[in-house]
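Have a look at the structure below, then the notes.
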Number of protein chains: 4
Amino acid sequence: MTAAELAQATRRFVRDVVLPAEPPAGTELPPDGRDALQRRAREAGVFAPQVPARFGGLGLPLDDWSPVFQEAGYSLLGPAALNCMAPDEGNMYLLEKVATPEQQERYLRPLAAGQTRSCFAMTEPHPGAGSDPAALATTARRVDGGWEIDGEKRFISGADEAGVAIVMARTPELGDAAATMLLVPMDTDGVEVGHPIRTMETAITGGHPHVHFRGVRVDDDAVLGEAGEGFAYAQVRLGPARLTHCMRWLGLARRAQDTALDRVRSREMFGAHLSDLGIAQGMLADSEIDLASSEAVIDRAARLLVEDPRAGATASSIAKVHVSEAVGRVIDRAVQLCGGDGVTLELPLLAFLNEVRPFRVYDGSSETHRWAIARRAVSRRRREVEGGEGVLDTAEALR
Amino acid sequence: MTAAELAQATRRFVRDVVLPAEPPAGTELPPDGRDALQRRAREAGVFAPQVPARFGGLGLPLDDWSPVFQEAGYSLLGPAALNCMAPDEGNMYLLEKVATPEQQERYLRPLAAGQTRSCFAMTEPHPGAGSDPAALATTARRVDGGWEIDGEKRFISGADEAGVAIVMARTPELGDAAATMLLVPMDTDGVEVGHPIRTMETAITGGHPHVHFRGVRVDDDAVLGEAGEGFAYAQVRLGPARLTHCMRWLGLARRAQDTALDRVRSREMFGAHLSDLGIAQGMLADSEIDLASSEAVIDRAARLLVEDPRAGATASSIAKVHVSEAVGRVIDRAVQLCGGDGVTLELPLLAFLNEVRPFRVYDGSSETHRWAIARRAVSRRRREVEGGEGVLDTAEALR
Amino acid sequence: MTAAELAQATRRFVRDVVLPAEPPAGTELPPDGRDALQRRAREAGVFAPQVPARFGGLGLPLDDWSPVFQEAGYSLLGPAALNCMAPDEGNMYLLEKVATPEQQERYLRPLAAGQTRSCFAMTEPHPGAGSDPAALATTARRVDGGWEIDGEKRFISGADEAGVAIVMARTPELGDAAATMLLVPMDTDGVEVGHPIRTMETAITGGHPHVHFRGVRVDDDAVLGEAGEGFAYAQVRLGPARLTHCMRWLGLARRAQDTALDRVRSREMFGAHLSDLGIAQGMLADSEIDLASSEAVIDRAARLLVEDPRAGATASSIAKVHVSEAVGRVIDRAVQLCGGDGVTLELPLLAFLNEVRPFRVYDGSSETHRWAIARRAVSRRRREVEGGEGVLDTAEALR
Amino acid sequence: MTAAELAQATRRFVRDVVLPAEPPAGTELPPDGRDALQRRAREAGVFAPQVPARFGGLGLPLDDWSPVFQEAGYSLLGPAALNCMAPDEGNMYLLEKVATPEQQERYLRPLAAGQTRSCFAMTEPHPGAGSDPAALATTARRVDGGWEIDGEKRFISGADEAGVAIVMARTPELGDAAATMLLVPMDTDGVEVGHPIRTMETAITGGHPHVHFRGVRVDDDAVLGEAGEGFAYAQVRLGPARLTHCMRWLGLARRAQDTALDRVRSREMFGAHLSDLGIAQGMLADSEIDLASSEAVIDRAARLLVEDPRAGATASSIAKVHVSEAVGRVIDRAVQLCGGDGVTLELPLLAFLNEVRPFRVYDGSSETHRWAIARRAVSRRRREVEGGEGVLDTAEALR
């Protein structure tokens with residue numbers, strides 16, 4: 001199956017199978033609903049599209065993920081049904097890239113099969129690792145034959161009933177700035193899921209609770225890949241992980257736009273203030289432009305991530321800011337175009353708006369990314385000028 | 001008490017009494033909470049600020065409402081506590097302006113005292129009166145000694161457990177385009193509260209259900225003011241009513257901004273990326289500008305409503321678009337500035353965002369207002385040119 | 001004549017007399033054109049509206065200036081014709097407030113009569129006083145019976161052929177942070193108009209050249225008001241001066257909107273894509289909202305400047321940011337609505353765009369104002385919390 | 001030379017040769033400047049990058065043009081130096097695609113060599129063909145052995161001293177809706193260059209005059225490609241032509257951003273309000289995002305134009321709106337970041353702003369494109385629903 005065919009198959013699966021299974025807005029999917037949808041996704045041949053074939057997936061390369069993930073994201077349930085939802089999708093990617101073969105067998109294979117779920121335990125309560133990983137407070141210290149982990153993590157998406165956590169911890173014995181990732185089964189002694197942070201979004205199974213690690217002992221083979229590489233691995237995970245969020249939410253924005261188009265079509269049929277429709281057309285066009293430019297920046301970032309990880313990281317940062325804001329605008333316009341119905345729960349649009357709103361904060365807020373994007377631009381230009389490019393701001397000289 | 005003193009007293013009441021009484025985000029005020037707060041508002045001498053003194057209120061003139069209503073709106077519970085919340089506040093204004101003395105005694109007095117609630121039954125299911133009142137489908141027909149009302153109303157805010165409805169109905173016997181408002185006690189035979197439309201906001205007590213009128217018989221004295229004046233009365237109510245929404249929501253936006261300022265202050269104290277704070281400063285300043293310009297357009301519209309109702313209606317339409325969008329931006333920036341916490345229910349900001357979102361649709365969507373604003377501008381200019389002003393678009397002549 | 005009558009008279013004068021005298025876009029008014037227009041303004045009874053009656057003006061109070069200045073600004077030539085153009089208008093205001101009676105007779109009276117022009121010499125080349133007055137490098141030192149001024153000023157609007165300069169200079173003998181303003185006739189020995197900074201705007205007569213002060217000797221009576229009060233006086237001048245810019249440019253934006261309305265009317269008459277007109281209506285409405293909110297924030301700032309200079313300064317800073325950006329948007333939309341003609345010199349719109357663009361930089365850039373606005377908001381909130389208001393960002397506590 | 005190498009060579013040529021040749025802002029390149037630069041471009045091996053090798057160019061495929069054209073556009077003189085400037089570039093593309101071999105030898109070869117210039121005569125005075133080609137008023141009628149052309153064209157970029165015009169004319173004898181393109185040497189009897197429309201941009205050699213065709217006789221071989229195919233050919237030309245505008249202007253926007261980066265770097269070095277820099281960082285980041293998203297939508301459109309001309313036309317329409325607005329924002333931010341200097345002619349930024357402003361109107365205004373984009377979206381969705389997709393706007397049913 002080519003990538004285009006897989007996107008088409010995913011489209012049919014999501015629209016024919018997943019959409020009808022959606023619970024009414026404001027209500028929840030029954031507990032076994034996810035398993036049932038995953039079973040049907042397997043039958044439809046669209047399960048785990050991004051997972052390498054040797055772990056049971058469809059082996060799609062990263063720069064072909066976008067159309068498939070967009071189709072999955074057309075329903076809030078689609079990514080879970082296809083097993084390409086955060087945080088598992090990012091965790092599987094990381095395990096594939098840096099885990100040992102034994103770790104891959106033990107953790108990646110069942111994740112890929114949808115038999116368990118995982119979480120990524122990096123964020124900490126203030127003043128620990130928030131947007132600034134350098135403040136990491138959780139530690140893993142060498143003990144006989146292994147490591148002992150102590151610390152508190154916060155806003156750990158998917159932690160509730162997850163099978164395993166990838167825990168980010170400082171390992172001071174390996175250097176002041178050294179961090180290590182460890183694979184910790186959630187039923188290990190000393191691991192406790194704490195206070196659930198309540199949010200208004202529902203797409204991620206397992207909530208966003210605190211997780212406490214109190215004297216948690218793990219063996220040496222719990223070290224993901226190599227000890228001391230935690231920060232490097234975080235980058236390996238993050239570049240694609242924030243981009244797949246873009247892909248999925250872009251799919252949801254397309255659905256919002258289609259809903260608005262249905263509304264506008266019906267108003268045209270039944271008669272309406274023509275001029276009113278004119279303003280609507282401007283809004284629809286703005287959304288089309290947002291959708292197309294989002295798709296384009298995602299494609300650009302995915303291609304660069306494959307060709308040149310460093311350039312790809314910058315591009316995925318830019319894509320994250322652009323897409324997180326663009327999908328919010330598109331859904332907001334759809335709410336507006338559906339008028340009174342748009343602001344009720346008769347349509348899912350307001351729920352969609354609440355689902356995507358946090359994306360402007362997750363994985364680095366728009367402001368943090370903007371700060372970093374500007375710093376990189378200044379550095380890039382500094383290198384150019386130091387490399388001989390003429391200074392363009394010549395006004396100084398003329399004063 | 002001067003208007004400034006009343007604003008100050010309201011400020012103290014809301015911050016000292018109402019804020020501590022707020023239920024946690026995502027939960028509801030206990031049923032008797034509203035009554036308790038109204039009692040305390042009376043004790044504090046801030047109850048019913050906009051109601052004429054002869055009906056037990058504080059008699060504040062319309063162009064002094066804004067600072068008081070803003071202080072009330074600083075809490076979602078404030079306007080109900082002060083009895084200046086929609087739809088009652090708009091209904092009381094209308095009753096004061098057009099009701100007979102008997103109607104005022106029977107309906108306005110208990111409303112002003114907070115002993116009952118009311119609703120305004122104008123909007124209808126498609127293809128009836130939505131944003132276009134001309135499509136009004138509900139009828140009131142002459143019967144012996146009174147009128148018989150038939151029709152279905154939709155999205156009737158506050159209808160659940162309201163004591164009285166102001167019902168807008170076509171009265172074809174008075175002319176094809178004639179409409180009449182009627183005062184209908186909600187326990188009248190044939191009145192039935194129907195399907196509740198679920199929304200994400202909570203500030204309006206009594207929900208937004210459908211209300212059915214089936215062969216509802218009322219006496220002649222149920223006609224509000226004069227028969228056939230329904231559309232004119234709708235304008236009387238609407239100009240101030242949408243402006244008081246602006247005032248209340250502006251207060252809520254001030255609260256969101258204060259919350260963001262608290263966050264930024266504490267980050268400054270505890271240290272943060274300075275450059276990050278720089279971007280935050282741009283956002284804080286944009287919000288200050290939104291708040292100040294919102295206050296200014298509200299004041300301008302309130303003043304014009306008093307001086308020249310026609311100019312005031314245009315000004316209140318412009319204010320409605322500007323303020324409804326500005327308060328959304330201010331709260332959205334506050335969500336962003338509070339980062340991870342902003343997108344959870346640990347803070348009420350996301351709830352505030354959901355509360356104000358519908359205001360861009362209620363009382364005429366931004367698009368409908370824009371259409372009307374543009375039409376008025378074109379007409380205004382046409383009159384000027386017809387009155388002798390030179391045409392400025394002279395390019396045509398030069399081609 | 002009431003303020004409203006004066007606004008109406010100004011309107012008629014500008015539209016009937018000034019508009020027909022405008023040179024074609026891209027060309028200049030003949031040298032004696034300004035004098036001729038001022039003569040006619042005197043005849044029409046609209047000359048020097050803001051100047052106190054005792055100096056020959058119409059004595060309009062500050063909070064009534066806006067409608068008159070807007071009418072004047074409808075033409076780029078209007079403010080010069082009425083003698084209410086920058087920098088003279090701001091200089092006259094300052095002279096009225098702080099100059100000695102002798103200085104007022106010598107400098108204010110002929111300025112008010114339009115017999116001469118003036119400039120305000122504050123800005124300096126890098127790293128002197130730019131947006132940061134504290135960096136002031138020009139000095140005035142005590143010499144026998146007077147002062148000797150040395151320094152270079154830059155971007156001194158109106159300096160070419162001006163009669164007098166108000167020179168801002170550090171006076172270190174009065175204290176490290178002391179600055180003094182001095183009235184220096186431009187024909188004084190040692191004053192030299194230097195390199196003209198070329199710009200794309202034309203409304204200010206006298207260009208924006210450098211001005212050199214080399215050993216310029218003036219007597220004691222050249223000190224404007226009191227020595228050492230320079231920075232305080234700069235604030236006295238600045239609050240109203242940036243607001244009158246807002247008023248004048250708002251008038252120009254109204255003209256651009258009227259031009260666009262003429263275009264849209266004629267397209268309606270001659271037929272056009274209706275849907276196209278719909279998008280146009282959204283743009284026209286956005287401009288109406290920008291115009292109304294600009295007027296409202298100007299009125300709010302003018303009123304506060306009269307009532308409470310400190311609050312007025314903040315309000316005029318906010319007004320400056322809002323209006324400078326709003327007028328740019330309004331004119332830009334007008335360019336767009338006039339299509340092909342809008343981007344040529346067949347219409348003056350593109351010239352208008354170039355005229356107002358610098359206003360987002362002059363008198364403090366939007367960014368500098370935003371920085372100050374945010375700082376003031378943080379301080380305001382800090383005082384409130386220190387005064388007992390509860391901290392609203394309660395998420396910290398819950399973590 | 002690979003495409004990447006050619007982009008690099010172009011970069012070096014433009015920065016080392018073209019930038020130093022730029023005349024000061026507000027002045028013009030000497031008449032022989034263009035020829036000199038073209039000669040040096042030939043020597044540098046970067047001349048005519050997009051022209052097929054068989055006509056003397058470098059034969060770059062369309063989906064590789066963007067990086068090269070961006071480098072060329074870094075200077076307003078670059079595209080002319082490389083012979084990839086409008087309107088010649090679009091005309092050469094069209095000639096290559098649809099002209100007969102004889103026409104290609106006669107017209108394309110000398111154009112490709114830079115020996116002559118051309119214009120594209122489609123737009124007409126009101127009410128002729130403006131944004132709506134269907135209103136085409138110029139006619140070509142069959143005469144013995146050829147055609148006789150009558151009509152008036154307007155805003156014909158590059159017409160002054162052009163060697164040949166591609167004239168769009170209605171050919172009613174071929175059908176009511178038939179149009180034909182004809183190749184008309186500008187020295188043909190009856191061709192007259194008329195009133196020059198003055199603009200504020202300078203990048204296009206040959207101005208934007210009216211061109212009159214009065215009884216102009218041409219032979220049969222003047223018909224470009226096939227008679228009656230005029231509208232189809234217009235689409236062939238337009239898709240890439242508006243995209244190459246995007247590429248060139250994007251290069252200019254990069255230069256503006258580099259200028260702003262130089263300013264920010266020097267302010268960092270010399271000290272500045274850090275918070276001020278923070279707001280600047282937000283602006284720089286926004287510009288980086290605009291640049292990256294513009295590049296991405298251009299690449300997407302270029303790829304689609306190669307793969308699927310119909311989808312490519314939609315994509316190039318979206319790219320045109322996005323890029324024309326984005327480059328304006330980027331340059332405007334650069335003006336602002338350079339403060340006082342930005343709004344003078346000491347820097348070329350304000351000139352750049354005037355150069356790109358018309359691009360939001362040329363080749364279909366943003367509004368016309370938005371209207372078309374919305375129409376296509378509605379049609380696309382209609383086809384989907386008619387093809388069996390479920391209607392998503394389900395609120396109607398629930399009412």
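Quick note on naming: the chains in the structure tokens go A, B, ... in the order shown, residues restart at 1 in each chain, and ligands are numbered from 1 in order of appearance.
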
If you run DSSP on the backbone, which residues of region 100-227 of chain A are strand (DSSP E), as an MDAnalysis selection string? chainID A and resid 118:121 139:143 146:153 164:170 179:185 191:196 209:219

Give the residues of chain C that lie within 7 Å of chain D; count only C-alpha atoms, and format the answer as an mmCIF file with N, CA and C atoms, in the first residue's frame.
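Saved file part_31.cif follows:
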data_model
loop_
_atom_site.group_PDB
_atom_site.id
_atom_site.type_symbol
_atom_site.label_atom_id
_atom_site.label_comp_id
_atom_site.auth_asym_id
_atom_site.auth_seq_id
_atom_site.Cartn_x
_atom_site.Cartn_y
_atom_site.Cartn_z
ATOM 1 N N ILE C 197 17.408 64.773 6.774
ATOM 2 C CA ILE C 197 17.043 63.361 6.706
ATOM 3 C C ILE C 197 15.850 63.240 5.789
ATOM 4 N N ARG C 198 16.038 62.496 4.720
ATOM 5 C CA ARG C 198 14.955 62.373 3.756
ATOM 6 C C ARG C 198 13.915 61.366 4.239
ATOM 7 N N THR C 199 12.662 61.721 4.075
ATOM 8 C CA THR C 199 11.574 60.830 4.465
ATOM 9 C C THR C 199 10.584 60.761 3.314
ATOM 10 N N MET C 200 9.514 59.990 3.503
ATOM 11 C CA MET C 200 8.505 59.909 2.465
ATOM 12 C C MET C 200 7.260 60.707 2.818
ATOM 13 N N SER C 275 -20.370 38.806 -3.897
ATOM 14 C CA SER C 275 -19.626 38.170 -2.816
ATOM 15 C C SER C 275 -18.350 38.957 -2.537
ATOM 16 N N ASP C 276 -17.793 39.478 -3.577
ATOM 17 C CA ASP C 276 -16.647 40.347 -3.452
ATOM 18 C C ASP C 276 -16.998 41.536 -2.559
ATOM 19 N N ILE C 279 -16.856 40.687 1.167
ATOM 20 C CA ILE C 279 -15.558 40.798 1.828
ATOM 21 C C ILE C 279 -15.249 42.278 2.047
ATOM 22 N N GLN C 336 -6.564 48.955 -0.483
ATOM 23 C CA GLN C 336 -6.961 47.651 -1.004
ATOM 24 C C GLN C 336 -8.331 47.720 -1.675
ATOM 25 N N GLY C 339 -8.360 48.967 -5.097
ATOM 26 C CA GLY C 339 -7.757 48.075 -6.083
ATOM 27 C C GLY C 339 -6.599 48.708 -6.822
ATOM 28 N N GLY C 340 -6.552 48.462 -8.114
ATOM 29 C CA GLY C 340 -5.465 48.974 -8.922
ATOM 30 C C GLY C 340 -5.201 50.455 -8.724
ATOM 31 N N VAL C 343 -3.186 51.541 -5.472
ATOM 32 C CA VAL C 343 -1.735 51.401 -5.378
ATOM 33 C C VAL C 343 -0.992 52.293 -6.369
ATOM 34 N N THR C 344 -1.716 53.195 -7.018
ATOM 35 C CA THR C 344 -1.055 54.171 -7.885
ATOM 36 C C THR C 344 -1.173 55.558 -7.252
ATOM 37 N N LEU C 345 -0.596 56.511 -7.939
ATOM 38 C CA LEU C 345 -0.709 57.890 -7.466
ATOM 39 C C LEU C 345 -1.917 58.596 -8.064
ATOM 40 N N PRO C 358 5.230 56.759 9.732
ATOM 41 C CA PRO C 358 6.205 57.134 10.772
ATOM 42 C C PRO C 358 5.582 57.358 12.142
ATOM 43 N N VAL C 361 6.351 55.289 14.951
ATOM 44 C CA VAL C 361 7.713 55.379 15.494
ATOM 45 C C VAL C 361 7.929 56.699 16.239
ATOM 46 N N GLU C 367 6.558 49.956 20.346
ATOM 47 C CA GLU C 367 7.204 48.974 21.222
ATOM 48 C C GLU C 367 7.615 49.632 22.539
ATOM 49 N N THR C 368 8.174 50.842 22.449
ATOM 50 C CA THR C 368 8.567 51.536 23.670
ATOM 51 C C THR C 368 7.345 51.840 24.527
ATOM 52 N N TRP C 371 6.160 48.637 26.138
ATOM 53 C CA TRP C 371 7.006 48.295 27.274
ATOM 54 C C TRP C 371 6.577 49.115 28.498
#

Within 6 Å of region 104-113 of chain D, counting only C-alpha atoms, which residues qualify if same-chain residues fewer than 4 places away don't, as a PyMOL selection string? chain D and resi 55+92+99

Create the file for the chosen residues now, containing N, CA and C atoms and written as a PDB file, in the first residue's frame.
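Below is the file that was written, part.pdb:
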ATOM      1  N   PHE D  55      17.178  27.745 -25.322  1.00  0.00           N
ATOM      2  CA  PHE D  55      17.061  29.174 -25.621  1.00  0.00           C
ATOM      3  C   PHE D  55      18.110  29.987 -24.871  1.00  0.00           C
ATOM      4  N   MET D  92       8.080  34.805 -21.168  1.00  0.00           N
ATOM      5  CA  MET D  92       8.958  33.767 -21.721  1.00  0.00           C
ATOM      6  C   MET D  92       8.416  32.377 -21.414  1.00  0.00           C
ATOM      7  N   ALA D  99       3.954  28.870 -27.753  1.00  0.00           N
ATOM      8  CA  ALA D  99       4.283  29.512 -29.023  1.00  0.00           C
ATOM      9  C   ALA D  99       4.758  28.476 -30.043  1.00  0.00           C
TER      10      ALA D  99
END

From a DSSP calculation on the backbone, collect every residue of region 210-397 of chain A in helix (DSSP H, G or I) and output the set as an MDAnalysis selection string. chainID A and resid 220:222 230:270 274:307 309:337 339:342 349:360 366:386 395:397

Report the distance between CA of Ala315 (chain B) and CA of Ala301 (chain B) in Å, rounded to one decimal place.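 Distance between the two atoms: 4.8 Å.
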
Could you name the residues that touch region 251-263 of chain A at 7 Å or less, counting only C-alpha atoms, but leaving out those on the same chain fewer than 3 positions away, as a ChimeraX atom specification? /A:70-75,247-248,266-267,327,330-331,334,337-338,349 /D:378,381,391-393

Suppose we keep C-alpha atoms; can you now write the selection as a PDB file, in the first residue's frame?
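Contents of again_31.pdb, freshly written:
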ATOM      1  CA  GLN A  70      -4.385  14.226   9.454  1.00  0.00           C
ATOM      2  CA  GLU A  71      -7.011  11.696   8.410  1.00  0.00           C
ATOM      3  CA  ALA A  72      -6.755  10.036  11.825  1.00  0.00           C
ATOM      4  CA  GLY A  73      -7.110  13.404  13.563  1.00  0.00           C
ATOM      5  CA  TYR A  74     -10.388  14.118  11.761  1.00  0.00           C
ATOM      6  CA  SER A  75     -11.936  12.447  14.819  1.00  0.00           C
ATOM      7  CA  MET A 247      -0.612  16.665  11.946  1.00  0.00           C
ATOM      8  CA  ARG A 248      -3.385  15.313  14.155  1.00  0.00           C
ATOM      9  CA  SER A 266     -27.170  24.936   3.675  1.00  0.00           C
ATOM     10  CA  ARG A 267     -27.613  28.631   4.317  1.00  0.00           C
ATOM     11  CA  VAL A 327      -5.835  25.333  13.979  1.00  0.00           C
ATOM     12  CA  VAL A 330      -9.792  27.691  11.936  1.00  0.00           C
ATOM     13  CA  ILE A 331     -11.916  26.087  14.643  1.00  0.00           C
ATOM     14  CA  ALA A 334     -16.073  27.489  12.333  1.00  0.00           C
ATOM     15  CA  LEU A 337     -19.866  30.485  11.171  1.00  0.00           C
ATOM     16  CA  CYS A 338     -22.208  28.038  12.859  1.00  0.00           C
ATOM     17  CA  LEU A 349     -16.868  22.635  17.703  1.00  0.00           C
TER      18      LEU A 349
ATOM     19  CA  VAL D 378     -17.582  25.125  -0.922  1.00  0.00           C
ATOM     20  CA  ARG D 381     -17.175  19.994   0.098  1.00  0.00           C
ATOM     21  CA  VAL D 391     -23.071  16.102   6.662  1.00  0.00           C
ATOM     22  CA  LEU D 392     -21.199  17.324   9.718  1.00  0.00           C
ATOM     23  CA  ASP D 393     -23.413  20.267  10.580  1.00  0.00           C
TER      24      ASP D 393
END

As JSON, numbers by chain, please: the residues near Ala234 (chain A) (cut-off 9 Å, only C-alpha atoms, same-chain neighbours under 6 positions excluded). {"A": [94, 168, 181]}

Go ahead and save the residues from that selection, with N, CA and C atoms, as a PDB file, in the first residue's frame.
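What landed in part_30.pdb:
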ATOM      1  N   LEU A  94      10.761   7.103  20.134  1.00  0.00           N
ATOM      2  CA  LEU A  94      11.999   7.198  20.898  1.00  0.00           C
ATOM      3  C   LEU A  94      12.576   5.814  21.169  1.00  0.00           C
ATOM      4  N   MET A 168      12.608  10.972  33.155  1.00  0.00           N
ATOM      5  CA  MET A 168      13.778  11.820  32.967  1.00  0.00           C
ATOM      6  C   MET A 168      14.305  12.212  34.340  1.00  0.00           C
ATOM      7  N   MET A 181      17.468   8.912  30.885  1.00  0.00           N
ATOM      8  CA  MET A 181      16.088   8.423  30.819  1.00  0.00           C
ATOM      9  C   MET A 181      16.058   6.982  31.308  1.00  0.00           C
TER      10      MET A 181
END

Write out as number ranges by chain each polymer residue whose atoms come within 12 Å of Thr244 (chain D), counting only C-alpha atoms; drop sequence neighbours fewer than 5 positions from it. D: 50, 62-70, 72-73, 79, 84-90, 93, 237-239, 249-251, 295, 298-299, 301-302, 316-317, 319-320, 323-324, 359, 363

As an exercise, work out the distance from CA of Glu161 (chain A) to CA of Gly114 (chain A) in Å and give it to one decimal place.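 Going from CA of Glu161 (chain A) over to CA of Gly114 (chain A) covers 13.3 Å.
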
Neighbouring residues of Val164 (chain D) were defined as those with any atom within 7 Å, considering only C-alpha atoms; residues of the same chain fewer than 5 positions away were excluded. Please report them as a compact mmCIF listing (two decimals) with C-alpha atoms, in the first residue's frame.
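The resulting file, part39.txt, is reproduced below:
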# COMPACT_ATOMS: atom_id res chain seq x y z
CA SER D 118 8.08 42.58 -23.51
CA CYS D 119 4.72 43.36 -21.97
CA LEU D 183 2.11 38.82 -30.57
CA VAL D 184 2.33 42.45 -31.57
CA PRO D 185 5.65 44.26 -32.04
CA MET D 186 5.35 47.54 -30.24

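Put simply, CA of Met122 (chain A) is 24.2 Å away from CA of Ala311 (chain A).
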